[in-house]
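**Student:** Data file start.txt (compact mmCIF, C-alpha atoms) is appended below.
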# COMPACT_ATOMS: atom_id res chain seq x y z
CA MET A 1 -58.38 91.19 -75.17
CA ASP A 2 -59.54 87.78 -74.06
CA SER A 3 -58.79 86.81 -70.49
CA PRO A 4 -56.35 83.93 -70.15
CA THR A 5 -57.91 80.70 -68.95
CA PRO A 6 -55.10 79.05 -66.97
CA CYS A 7 -54.67 79.75 -63.26
CA THR A 8 -57.43 82.31 -62.89
CA SER A 9 -58.90 80.90 -59.70
CA GLY A 10 -58.35 82.45 -56.30
CA ALA A 11 -56.78 85.83 -55.74
CA ALA A 12 -55.35 86.08 -59.24
CA SER A 13 -58.80 85.99 -60.83
CA ALA A 14 -59.31 89.60 -59.75
CA PHE A 15 -56.88 90.86 -62.38
CA ALA A 16 -56.26 88.03 -64.84
CA GLY A 17 -56.26 89.35 -68.39
CA ALA A 18 -56.35 93.03 -67.38
CA SER A 19 -53.45 95.45 -67.64
CA PRO A 20 -52.59 96.86 -64.21
CA TYR A 21 -50.97 100.17 -63.28
CA LEU A 22 -52.65 102.11 -66.07
CA GLU A 23 -53.79 104.95 -63.82
CA THR A 24 -51.93 104.25 -60.58
CA ALA A 25 -48.22 103.63 -60.13
CA PRO A 26 -46.92 100.21 -59.11
CA LEU A 27 -45.08 101.66 -56.10
CA GLN A 28 -45.07 104.66 -53.85
CA ALA A 29 -42.68 105.90 -51.18
CA GLY A 30 -42.99 103.82 -48.04
CA ASP A 31 -43.76 100.55 -49.83
CA THR A 32 -41.88 97.42 -48.84
CA VAL A 33 -39.86 95.65 -51.53
CA ARG A 34 -37.97 92.37 -51.22
CA LEU A 35 -34.51 92.15 -52.79
CA ILE A 36 -33.52 88.60 -53.77
CA ALA A 37 -30.86 86.75 -55.80
CA PRO A 38 -32.69 83.98 -57.68
CA SER A 39 -29.87 83.43 -60.18
CA GLY A 40 -26.18 84.35 -59.96
CA PRO A 41 -24.19 85.56 -56.94
CA THR A 42 -23.28 89.15 -56.21
CA ASP A 43 -20.60 90.97 -54.27
CA GLU A 44 -21.11 93.05 -51.17
CA GLU A 45 -20.43 96.37 -52.92
CA SER A 46 -23.12 95.71 -55.52
CA LEU A 47 -25.57 94.57 -52.85
CA GLN A 48 -25.07 97.67 -50.72
CA ARG A 49 -25.31 99.92 -53.76
CA ALA A 50 -28.60 98.25 -54.73
CA ILE A 51 -30.02 98.68 -51.23
CA ALA A 52 -28.97 102.34 -51.16
CA GLN A 53 -30.56 102.94 -54.57
CA LEU A 54 -33.90 101.49 -53.53
CA GLU A 55 -33.87 103.27 -50.18
CA SER A 56 -33.07 106.56 -51.94
CA TRP A 57 -36.47 106.19 -53.65
CA GLY A 58 -38.21 106.05 -50.28
CA LEU A 59 -38.74 102.28 -50.31
CA HIS A 60 -38.42 99.98 -47.32
CA VAL A 61 -35.99 97.26 -48.42
CA MET A 62 -35.98 93.74 -47.01
CA VAL A 63 -33.12 91.53 -48.18
CA GLY A 64 -33.56 87.81 -48.77
CA ASP A 65 -32.03 85.59 -46.10
CA HIS A 66 -29.76 83.90 -48.65
CA VAL A 67 -28.74 86.82 -50.87
CA ARG A 68 -25.14 86.45 -49.71
CA ALA A 69 -25.14 82.67 -49.98
CA ARG A 70 -22.95 80.71 -52.38
CA HIS A 71 -23.67 77.30 -53.80
CA PRO A 72 -21.19 74.87 -52.20
CA ARG A 73 -20.18 73.39 -55.55
CA VAL A 74 -21.49 75.55 -58.43
CA LYS A 75 -19.83 78.97 -58.43
CA TYR A 76 -22.32 80.57 -60.82
CA LEU A 77 -25.28 80.14 -58.44
CA ALA A 78 -26.21 82.41 -55.51
CA GLY A 79 -26.84 79.65 -53.00
CA THR A 80 -28.51 76.29 -53.45
CA ASP A 81 -31.76 75.91 -55.36
CA GLU A 82 -33.54 75.43 -52.04
CA GLN A 83 -32.10 78.65 -50.61
CA ARG A 84 -32.85 80.75 -53.67
CA ARG A 85 -36.34 79.26 -54.02
CA ALA A 86 -37.09 79.91 -50.35
CA ASP A 87 -36.15 83.59 -50.73
CA LEU A 88 -38.33 83.91 -53.82
CA VAL A 89 -41.38 82.25 -52.28
CA ASP A 90 -41.00 84.03 -48.93
CA ALA A 91 -40.68 87.38 -50.68
CA TRP A 92 -43.75 86.89 -52.86
CA CYS A 93 -45.92 85.47 -50.08
CA ASP A 94 -45.08 88.19 -47.57
CA PRO A 95 -48.37 90.11 -47.19
CA ASP A 96 -46.45 93.37 -46.79
CA THR A 97 -44.47 92.96 -50.03
CA SER A 98 -45.33 95.34 -52.86
CA ALA A 99 -42.61 94.19 -55.26
CA VAL A 100 -40.03 91.43 -55.55
CA ILE A 101 -36.85 92.79 -57.11
CA ALA A 102 -34.18 90.56 -58.61
CA LEU A 103 -30.72 91.79 -57.71
CA ARG A 104 -29.10 90.42 -60.88
CA GLY A 105 -29.42 87.70 -63.53
CA GLY A 106 -26.82 85.19 -64.65
CA PHE A 107 -28.11 81.64 -64.50
CA GLY A 108 -30.32 79.54 -62.25
CA ALA A 109 -33.83 81.01 -62.14
CA MET A 110 -35.33 78.22 -64.24
CA ARG A 111 -33.97 75.66 -61.76
CA LEU A 112 -36.38 77.03 -59.15
CA LEU A 113 -39.67 76.58 -60.98
CA ASP A 114 -40.48 72.90 -60.48
CA GLY A 115 -40.33 73.22 -56.70
CA ILE A 116 -42.70 76.19 -56.42
CA ASP A 117 -46.29 75.73 -55.22
CA PHE A 118 -47.96 78.11 -57.64
CA GLY A 119 -51.33 77.63 -55.94
CA LEU A 120 -49.74 79.16 -52.84
CA MET A 121 -48.21 81.91 -54.95
CA ARG A 122 -51.61 82.72 -56.47
CA ASP A 123 -53.11 82.98 -53.00
CA HIS A 124 -50.54 85.68 -52.18
CA ALA A 125 -50.48 87.51 -55.51
CA LEU A 126 -52.36 90.55 -54.21
CA ARG A 127 -51.21 93.25 -51.84
CA ARG A 128 -53.26 94.28 -48.84
CA ASP A 129 -54.86 97.01 -50.97
CA GLY A 130 -56.00 94.48 -53.59
CA ARG A 131 -53.51 95.42 -56.32
CA PRO A 132 -51.21 92.80 -57.85
CA LYS A 133 -47.67 92.56 -56.60
CA LEU A 134 -44.85 93.27 -59.05
CA LEU A 135 -41.86 91.17 -60.10
CA THR A 136 -38.92 92.98 -61.72
CA GLY A 137 -35.76 91.85 -63.50
CA SER A 138 -34.44 90.81 -66.91
CA SER A 139 -32.04 88.41 -68.64
CA ASP A 140 -32.18 85.09 -66.72
CA ILE A 141 -35.24 86.39 -64.85
CA THR A 142 -37.10 85.75 -68.13
CA ALA A 143 -37.79 82.28 -66.69
CA LEU A 144 -39.68 83.86 -63.79
CA HIS A 145 -41.52 86.27 -66.08
CA GLN A 146 -42.76 83.29 -68.11
CA ALA A 147 -43.83 81.41 -64.99
CA TRP A 148 -45.59 84.42 -63.47
CA ASP A 149 -47.42 84.97 -66.74
CA HIS A 150 -48.50 81.34 -67.13
CA HIS A 151 -49.28 80.39 -63.54
CA LEU A 152 -50.33 83.71 -61.99
CA SER A 153 -51.52 85.79 -64.99
CA VAL A 154 -49.86 88.92 -63.59
CA ALA A 155 -47.94 91.66 -65.33
CA THR A 156 -44.22 91.99 -64.60
CA LEU A 157 -41.49 94.51 -65.41
CA PHE A 158 -38.57 93.48 -67.65
CA CYS A 159 -35.97 96.05 -66.63
CA PRO A 160 -32.30 96.57 -65.76
CA MET A 161 -31.44 95.17 -62.33
CA VAL A 162 -30.19 97.22 -59.40
CA GLY A 163 -27.17 95.01 -58.73
CA ASN A 164 -25.81 95.28 -62.29
CA ASP A 165 -23.49 97.75 -64.03
CA PRO A 166 -26.18 99.86 -65.79
CA PHE A 167 -27.28 101.17 -62.40
CA LYS A 168 -23.70 102.23 -61.75
CA ASN A 169 -22.58 103.37 -65.20
CA SER A 170 -25.61 104.60 -67.15
CA THR A 171 -26.66 108.23 -67.07
CA VAL A 172 -30.29 107.26 -67.61
CA VAL A 173 -31.11 103.75 -66.36
CA PRO A 174 -31.76 104.43 -62.63
CA ALA A 175 -34.21 107.26 -63.23
CA GLU A 176 -35.84 105.47 -66.17
CA VAL A 177 -36.50 102.36 -64.05
CA ALA A 178 -37.81 104.59 -61.27
CA SER A 179 -40.23 106.21 -63.69
CA TRP A 180 -41.79 102.77 -64.40
CA LEU A 181 -41.99 101.99 -60.69
CA PHE A 182 -43.41 105.30 -59.50
CA GLU A 183 -45.54 106.46 -62.45
CA PRO A 184 -48.63 104.90 -64.14
CA TRP A 185 -48.04 102.85 -67.27
CA GLY A 186 -51.07 103.75 -69.37
CA GLY A 187 -50.12 105.50 -72.63
CA ARG A 188 -46.36 105.25 -72.08
CA GLU A 189 -44.17 104.64 -75.09
CA LEU A 190 -41.69 101.77 -74.97
CA GLY A 191 -38.12 101.77 -76.18
CA PHE A 192 -35.84 104.72 -76.76
CA PRO A 193 -37.45 108.04 -77.72
CA ALA A 194 -37.14 109.87 -81.00
CA ALA A 195 -34.22 112.21 -81.48
CA GLU A 196 -34.99 115.73 -80.32
CA SER A 197 -35.27 116.86 -83.93
CA GLN A 198 -37.87 114.13 -84.54
CA ALA A 199 -39.91 114.50 -81.39
CA GLY A 200 -41.92 117.48 -82.53
CA ALA A 201 -42.81 115.83 -85.81
CA THR A 202 -43.85 112.52 -84.28
CA ALA A 203 -47.57 112.10 -83.74
CA ALA A 204 -48.48 110.97 -80.25
CA PRO A 205 -50.52 107.81 -79.73
CA PRO A 206 -53.74 107.86 -77.72
CA GLY A 207 -52.87 109.24 -74.31
CA GLY A 208 -50.00 111.08 -75.91
CA ALA A 209 -49.32 113.23 -72.86
CA ALA A 210 -47.75 110.31 -71.00
CA THR A 211 -45.79 109.32 -74.08
CA ALA A 212 -44.51 112.85 -74.58
CA GLU A 213 -43.38 112.89 -70.96
CA ASN A 214 -41.52 109.66 -71.57
CA ARG A 215 -39.72 111.17 -74.57
CA ASN A 216 -38.91 114.28 -72.57
CA PHE A 217 -37.61 112.15 -69.70
CA TRP A 218 -34.96 110.63 -71.94
CA CYS A 219 -33.98 113.90 -73.59
CA GLU A 220 -33.71 115.71 -70.26
CA ASN A 221 -31.90 112.92 -68.45
CA ALA A 222 -29.29 111.80 -70.95
CA ALA A 223 -27.53 115.10 -71.46
CA PRO A 224 -23.97 114.75 -72.76
CA ASN A 225 -22.57 116.98 -70.03
CA HIS A 226 -23.06 114.14 -67.50
CA THR A 227 -25.38 116.19 -65.26
CA LYS A 228 -27.60 114.35 -62.82
CA SER A 229 -31.13 113.60 -63.93
CA SER A 230 -32.67 115.31 -60.93
CA SER A 231 -33.40 118.69 -59.45
CA MET A 232 -32.05 119.46 -56.01
CA SER A 233 -34.04 121.14 -53.25
CA GLN A 234 -32.62 123.25 -50.43
CA ASP A 235 -32.68 120.30 -48.02
CA GLY A 236 -30.52 118.23 -50.35
CA ASN A 237 -33.26 115.92 -51.58
CA ALA A 238 -33.67 115.32 -55.29
CA THR A 239 -36.63 114.75 -57.54
CA ILE A 240 -36.22 112.38 -60.47
CA ALA A 241 -37.04 114.36 -63.58
CA GLY A 242 -40.28 113.30 -65.18
CA THR A 243 -41.33 111.09 -62.25
CA GLY A 244 -41.96 113.26 -59.20
CA VAL A 245 -40.02 110.73 -57.12
CA SER A 246 -38.16 112.33 -54.24
CA VAL A 247 -34.87 110.71 -53.24
CA GLY A 248 -32.54 111.37 -50.35
CA PRO A 249 -29.42 113.55 -50.34
CA GLY A 250 -26.15 112.16 -51.48
CA VAL A 251 -27.58 109.42 -53.72
CA SER A 252 -27.35 109.92 -57.45
CA VAL A 253 -30.22 108.61 -59.54
CA ALA A 254 -28.10 108.81 -62.68
CA ALA A 255 -24.52 108.23 -61.66
CA GLY A 256 -21.98 107.49 -64.34
CA SER A 257 -20.31 109.10 -67.28
CA ARG A 258 -21.76 107.59 -70.43
CA PRO A 259 -22.00 110.60 -72.76
CA ARG A 260 -24.19 108.99 -75.40
CA HIS A 261 -27.63 110.50 -75.73
CA PRO A 262 -29.89 107.41 -76.12
CA VAL A 263 -32.35 107.99 -78.92
CA SER A 264 -34.39 105.57 -80.97
CA ARG A 265 -32.58 103.29 -83.38
CA ALA A 266 -35.76 101.32 -84.02
CA ARG A 267 -36.60 100.48 -87.60
CA THR A 268 -39.23 98.47 -89.38
CA LEU A 269 -38.23 95.19 -90.99
CA VAL A 270 -41.78 94.18 -91.93
CA PRO A 271 -44.39 96.98 -91.82
CA GLY A 272 -47.80 96.75 -90.22
CA MET A 273 -49.79 97.47 -87.07
CA ALA A 274 -50.66 95.12 -84.23
CA LYS A 275 -52.33 95.17 -80.85
CA GLY A 276 -51.83 92.46 -78.27
CA ARG A 277 -50.47 91.24 -74.97
CA LEU A 278 -46.71 91.70 -74.71
CA GLY A 279 -44.59 88.64 -73.90
CA GLY A 280 -41.18 87.12 -74.42
CA GLY A 281 -37.79 88.20 -73.08
CA ASN A 282 -34.31 86.75 -73.44
CA LEU A 283 -34.06 84.46 -76.47
CA SER A 284 -31.87 81.85 -74.77
CA LEU A 285 -34.27 81.53 -71.84
CA VAL A 286 -37.36 81.39 -74.03
CA ALA A 287 -35.77 78.63 -76.10
CA ALA A 288 -34.69 76.76 -72.96
CA GLY A 289 -38.30 76.86 -71.76
CA MET A 290 -39.73 75.16 -74.83
CA GLY A 291 -41.57 72.01 -73.75
CA SER A 292 -41.83 73.18 -70.14
CA PRO A 293 -45.20 73.62 -68.40
CA GLU A 294 -44.87 77.39 -68.86
CA LEU A 295 -44.53 77.11 -72.64
CA ALA A 296 -46.58 73.97 -73.24
CA GLY A 297 -49.25 74.27 -75.92
CA VAL A 298 -47.73 77.36 -77.50
CA ARG A 299 -49.48 76.59 -80.78
CA GLU A 300 -52.80 77.10 -79.00
CA ALA A 301 -51.66 80.15 -77.05
CA ARG A 302 -53.22 82.74 -79.32
CA ALA A 303 -56.65 81.13 -79.09
CA ARG A 304 -56.29 80.98 -75.33
CA TYR A 305 -54.86 84.45 -74.65
CA GLY A 306 -55.92 86.51 -77.65
CA PRO A 307 -53.55 88.59 -79.80
CA SER A 308 -49.94 88.82 -78.64
CA ILE A 309 -46.78 90.73 -79.47
CA LEU A 310 -43.56 88.87 -78.71
CA MET A 311 -40.22 90.48 -77.91
CA LEU A 312 -36.72 88.96 -77.94
CA GLU A 313 -33.17 90.02 -77.06
CA ASP A 314 -29.89 88.36 -76.12
CA VAL A 315 -26.23 88.91 -75.25
CA ASP A 316 -22.90 87.19 -76.00
CA GLU A 317 -24.27 84.82 -78.63
CA GLU A 318 -22.61 83.99 -81.96
CA LEU A 319 -24.77 84.10 -85.06
CA TYR A 320 -24.89 80.30 -85.39
CA ARG A 321 -26.09 80.07 -81.79
CA LEU A 322 -28.86 82.58 -82.47
CA ASP A 323 -29.79 80.56 -85.55
CA ASN A 324 -30.01 77.37 -83.49
CA LEU A 325 -32.17 79.07 -80.86
CA LEU A 326 -34.52 80.45 -83.51
CA VAL A 327 -34.85 77.02 -85.13
CA GLN A 328 -35.93 75.71 -81.73
CA LEU A 329 -38.61 78.39 -81.39
CA VAL A 330 -39.85 77.92 -84.94
CA ARG A 331 -40.07 74.14 -84.69
CA GLY A 332 -41.76 74.44 -81.29
CA GLY A 333 -44.41 76.77 -82.73
CA TRP A 334 -43.58 79.70 -80.44
CA PHE A 335 -44.02 82.26 -83.19
CA ASP A 336 -47.40 80.78 -84.16
CA SER A 337 -48.96 82.79 -81.35
CA ALA A 338 -47.36 86.07 -82.47
CA ASP A 339 -49.23 88.94 -84.12
CA ALA A 340 -45.94 90.88 -84.24
CA VAL A 341 -42.30 90.38 -83.20
CA VAL A 342 -40.19 93.13 -81.62
CA LEU A 343 -36.42 92.79 -81.30
CA GLY A 344 -34.39 94.50 -78.61
CA SER A 345 -30.63 94.72 -78.16
CA TRP A 346 -28.08 92.11 -79.27
CA GLN A 347 -25.17 93.25 -77.15
CA ASP A 348 -21.89 91.50 -78.02
CA CYS A 349 -23.65 89.24 -80.51
CA ALA A 350 -23.20 89.29 -84.28
CA GLU A 351 -23.50 92.53 -86.24
CA ILE A 352 -27.04 93.85 -86.09
CA VAL A 353 -27.52 93.56 -89.84
CA GLU A 354 -26.66 89.86 -89.61
CA VAL A 355 -29.10 89.38 -86.73
CA GLU A 356 -31.85 91.14 -88.68
CA GLU A 357 -31.20 89.07 -91.79
CA LEU A 358 -31.38 85.91 -89.69
CA PHE A 359 -34.76 86.85 -88.24
CA MET A 360 -36.02 87.79 -91.67
CA ASP A 361 -35.05 84.32 -92.92
CA TYR A 362 -37.54 82.88 -90.43
CA LEU A 363 -40.15 85.63 -90.10
CA GLY A 364 -39.96 87.68 -93.30
CA GLU A 365 -42.81 85.74 -94.90
CA ALA A 366 -44.86 85.19 -91.74
CA GLY A 367 -47.26 88.02 -92.56
CA ILE A 368 -46.73 89.88 -89.26
CA PRO A 369 -44.95 93.15 -88.42
CA VAL A 370 -41.32 92.80 -87.36
CA VAL A 371 -39.40 95.65 -85.70
CA SER A 372 -35.72 95.80 -84.79
CA GLU A 373 -33.58 97.63 -82.20
CA MET A 374 -36.16 98.72 -79.65
CA GLY A 375 -33.33 98.78 -77.10
CA PHE A 376 -34.60 96.59 -74.25
CA GLY A 377 -32.33 93.84 -72.94
CA HIS A 378 -28.58 94.19 -72.37
CA ASP A 379 -28.00 97.58 -73.96
CA PRO A 380 -25.98 99.65 -71.42
CA ASP A 381 -28.86 102.18 -71.37
CA ALA A 382 -31.66 99.63 -71.83
CA PRO A 383 -35.21 100.95 -71.34
CA SER A 384 -37.72 99.04 -69.21
CA THR A 385 -40.53 97.01 -70.76
CA PRO A 386 -43.67 95.75 -68.99
CA LEU A 387 -44.76 92.20 -69.83
CA GLY A 388 -48.29 90.83 -69.70
CA VAL A 389 -49.90 94.16 -70.59
CA ALA A 390 -51.85 95.23 -73.68
CA VAL A 391 -49.76 97.25 -76.13
CA THR A 392 -50.07 98.73 -79.61
CA LEU A 393 -47.30 98.53 -82.20
CA GLU A 394 -47.08 100.84 -85.21
CA ALA A 395 -44.46 99.76 -87.75
CA PRO A 396 -44.62 102.08 -90.77
CA ALA A 397 -42.74 101.26 -93.94
CA GLN A 398 -41.14 104.70 -93.65
CA GLY A 399 -40.39 106.40 -90.35
CA ARG A 400 -39.81 105.31 -86.78
CA PRO A 401 -41.80 102.36 -85.40
CA ARG A 402 -43.40 102.93 -82.01
CA MET A 403 -44.99 100.78 -79.32
CA TRP A 404 -46.97 101.97 -76.30
CA VAL A 405 -49.03 100.62 -73.41
CA ASP A 406 -52.75 100.83 -74.15
CA GLU A 407 -54.70 102.99 -71.74
CA THR A 408 -57.70 100.68 -71.40
Render the structure in this file as structure tokens.

**Tutor:**
Amino acid sequence: MDSPTPCTSGAASAFAGASPYLETAPLQAGDTVRLIAPSGPTDEESLQRAIAQLESWGLHVMVGDHVRARHPRVKYLAGTDEQRRADLVDAWCDPDTSAVIALRGGFGAMRLLDGIDFGLMRDHALRRDGRPKLLTGSSDITALHQAWDHHLSVATLFCPMVGNDPFKNSTVVPAEVASWLFEPWGGRELGFPAAESQAGATAAPPGGAATAENRNFWCENAAPNHTKSSSMSQDGNATIAGTGVSVGPGVSVAAGSRPRHPVSRARTLVPGMAKGRLGGGNLSLVAAGMGSPELAGVREARARYGPSILMLEDVDEELYRLDNLLVQLVRGGWFDSADAVVLGSWQDCAEIVEVEELFMDYLGEAGIPVVSEMGFGHDPDAPSTPLGVAVTLEAPAQGRPRMWVDET
């Protein structure tokens, strides 16, 4: 794929346009991560649970100075813009930081962007060992994913957040997120796996060993008997199945009681195959960013970046609202840069068939593959999805569509 041209000077030029973490994991035990609240506020119980979860993975956790802050007037913001921006910049620019982890979403991340010196952020985009730092989060954190992609040209991880309910209620989310943090990405399949009866009949993509492990991870760790997704040693430590990550005693990596076995619901709306750089995120945030510096010149994006696959999801939106948001993206040319579109979860939105029909109204004749229900987003068991990496999408007319991280 072509290397992106914007913001490739300085430290970021070492990895602009290349997919990181293909052969080495983003994190390892002992790494320092910074936990921040760039959007909505949290409560003390959720904060302590998030810290305990990260520490159980062997990480050294540093908490932003203003994580417990509250905006003096606006109740849906975790502190003032200045406080939240300071935590974000300080976390990213700390030379000892390996990852910046958003505690939760909500609203407010986009309010931080105009005050950030992205030249300074580029100068601190590498760790001491020369690898890029990692930003994680989803939902409202889409605004930061877009900014990191545009200004820094780094890959990020769109994943459930440690301060939110999936880390407390899902039988699979904690260990699945850990597998993306502590295992290489190359060859891994995205989305929910095939049902156990399908897995043996599904051909593996290149590097199929990693993809098979990913399928096995889900099947092993979402058992309906509510068992933990870990094996216990005599000293009380646990190893996350499929990851090799050792966690401390007394901390569950898959607490909760959701009995549903998460398997692929993905289906092809428009068949085809595509390869490209994965982008997108929450539909509302992408639409809100139209016309911003991060999404300026979207009609020229494909020529600048090369092929791309765009993903979208949302939560709590009526069908007419989704329609309005899609009109905004279509009129702004956002889909003009897409070689394929992948849809995630539409939790508490309209019925999925209505959502699919709406997208087909706008994209059915676009001549690109379109896939539905890949699961990422606000699904209670949502899988993680790396952004800014090269992926391959197979969308057969018959059978399960699949998408995986390219190995080179």

**Student:** Contacts of Asp323 in chain A at 12 Å or less, counting only C-alpha atoms, minus same-chain residues fewer than 2 places along, as a list in words?

**Tutor:**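 Counting only the stated atoms, we get Leu283, Ser284, Ala287, Glu317, Glu318, Leu319, Tyr320, Arg321, Leu325, Leu326, Val327, Gln328, Leu329, Val330, Cys349, Ala350, Glu354, Val355, Glu356, Glu357, Leu358, Phe359, Met360, Asp361 and Tyr362 of chain A.
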
**Student:** What is the distance, in Å and to one decimal place, between CA of Arg188 in chain A and CA of Leu134 in chain A?

**Tutor:**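 CA of Leu134 in chain A lies at a distance of 17.8 Å from CA of Arg188 in chain A.
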
**Student:** What lies within 6 Å of range 390-397 of chain A using only C-alpha atoms, ignoring chain neighbours under 4 positions off, as a short mmCIF file (atom, residue, chain, number, x, y, z; two decimals) with C-alpha atoms, in the frame of the given file?

**Tutor:**
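part-v4.cif, freshly written:
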data_model
loop_
_atom_site.label_atom_id
_atom_site.label_comp_id
_atom_site.auth_asym_id
_atom_site.auth_seq_id
_atom_site.Cartn_x
_atom_site.Cartn_y
_atom_site.Cartn_z
CA THR A 268 -39.23 98.47 -89.38
CA PRO A 271 -44.39 96.98 -91.82
CA GLY A 272 -47.80 96.75 -90.22
CA MET A 273 -49.79 97.47 -87.07
CA ALA A 274 -50.66 95.12 -84.23
CA LYS A 275 -52.33 95.17 -80.85
CA GLY A 276 -51.83 92.46 -78.27
CA ARG A 277 -50.47 91.24 -74.97
CA PRO A 401 -41.80 102.36 -85.40
CA ARG A 402 -43.40 102.93 -82.01
CA MET A 403 -44.99 100.78 -79.32
CA TRP A 404 -46.97 101.97 -76.30
CA VAL A 405 -49.03 100.62 -73.41
CA ASP A 406 -52.75 100.83 -74.15
#

**Student:** Using only C-alpha atoms, can you tell me which of A:Leu190, A:Val286, A:Pro380, A:Asp31 comes closest to Val342 in chain A?

**Tutor:**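 The shortest atom-to-atom distance to Val342 in chain A comes from A:Leu190.
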
**Student:** Between CA of Arg104 in chain A and CA of Glu82 in chain A, what is the distance in Å, rounded to a tenth?

**Tutor:**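 Taking CA of Arg104 in chain A as the start and CA of Glu82 in chain A as the end point, the length is 18.0 Å.
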
**Student:** Measuring between all atoms listed in the file, which one of A:Tyr21, A:Trp334, A:Tyr305, A:Trp57 shows the shortest distance to Asp149 in chain A?

**Tutor:**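 The shortest atom-to-atom distance to Asp149 in chain A comes from A:Tyr305.
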
**Student:** Pick out the closest residue to Pro262 in chain A from this set: A:Val172, A:Leu77, A:Ala338, A:Leu310. Count all atoms listed in the file.

**Tutor:**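 Checking each of A:Val172, A:Leu77, A:Ala338, A:Leu310 against Pro262 in chain A, counting all atoms listed in the file, the winner is A:Val172.
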
**Student:** If we count all atoms listed in the file and set the cut-off at 9 Å, which residues sit around Glu23 in chain A, ignoring sequence neighbours fewer than 5 positions away in its own chain? Please answer as a PyMOL selection string.

**Tutor:** chain A and resi 183-186+407

**Student:** So the first atom is CA of Ser138 in chain A and the second is CA of Asp348 in chain A; what is the distance between them in Å, to one decimal place?

**Tutor:**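 Interatomic distance here is 16.8 Å.
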
**Student:** Leaving out Leu113 in chain A and any residue of its chain fewer than 5 positions from it, which residues lie within 9 Å of it when counting all atoms listed in the file, given as number ranges by chain?

**Tutor:** A: 85, 143-144, 147

**Student:** Return the single residue from A:Gly106, A:Pro38, A:Asp129, A:Pro72 that is closest to Ala86 in chain A, with distances computed using all atoms listed in the file.

**Tutor:** A:Pro38

**Student:** Using all atoms listed in the file, what residues lie at most 6 Å away from (-42.1, 92.3, -68.0) (file coordinates), given as a count of residues only?

**Tutor:** 6

**Student:** Closest to Ala178 in chain A among A:Ser308, A:Gln83, A:Ser384, A:Ser19, using only C-alpha atoms?

**Tutor:**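 Closest to Ala178 in chain A of all the choices is A:Ser384.
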
**Student:** Which residue, A:Leu152, A:Ala195, A:Val315, A:Ala37, has the smallest gap to Arg70 in chain A when you use all atoms listed in the file?

**Tutor:**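 Closest to Arg70 in chain A of all the choices is A:Ala37.
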
**Student:** Excluding same-chain residues fewer than 6 positions from Asp140 in chain A, what lies within 9 Å of it counting only C-alpha atoms, as a PyMOL selection string?

**Tutor:** chain A and resi 39+104-110+282+284-285

**Student:** For C-alpha atoms, I'd like the residues from the last selection saved as a PDB file, keeping the file's coordinate frame.

**Tutor:**
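Wrote it out as selection32.pdb, contents follow:
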ATOM      1  CA  SER A  39     -29.870  83.430 -60.180  1.00  0.00           C
ATOM      2  CA  ARG A 104     -29.100  90.420 -60.880  1.00  0.00           C
ATOM      3  CA  GLY A 105     -29.420  87.700 -63.530  1.00  0.00           C
ATOM      4  CA  GLY A 106     -26.820  85.190 -64.650  1.00  0.00           C
ATOM      5  CA  PHE A 107     -28.110  81.640 -64.500  1.00  0.00           C
ATOM      6  CA  GLY A 108     -30.320  79.540 -62.250  1.00  0.00           C
ATOM      7  CA  ALA A 109     -33.830  81.010 -62.140  1.00  0.00           C
ATOM      8  CA  MET A 110     -35.330  78.220 -64.240  1.00  0.00           C
ATOM      9  CA  ASN A 282     -34.310  86.750 -73.440  1.00  0.00           C
ATOM     10  CA  SER A 284     -31.870  81.850 -74.770  1.00  0.00           C
ATOM     11  CA  LEU A 285     -34.270  81.530 -71.840  1.00  0.00           C
TER      12      LEU A 285
END
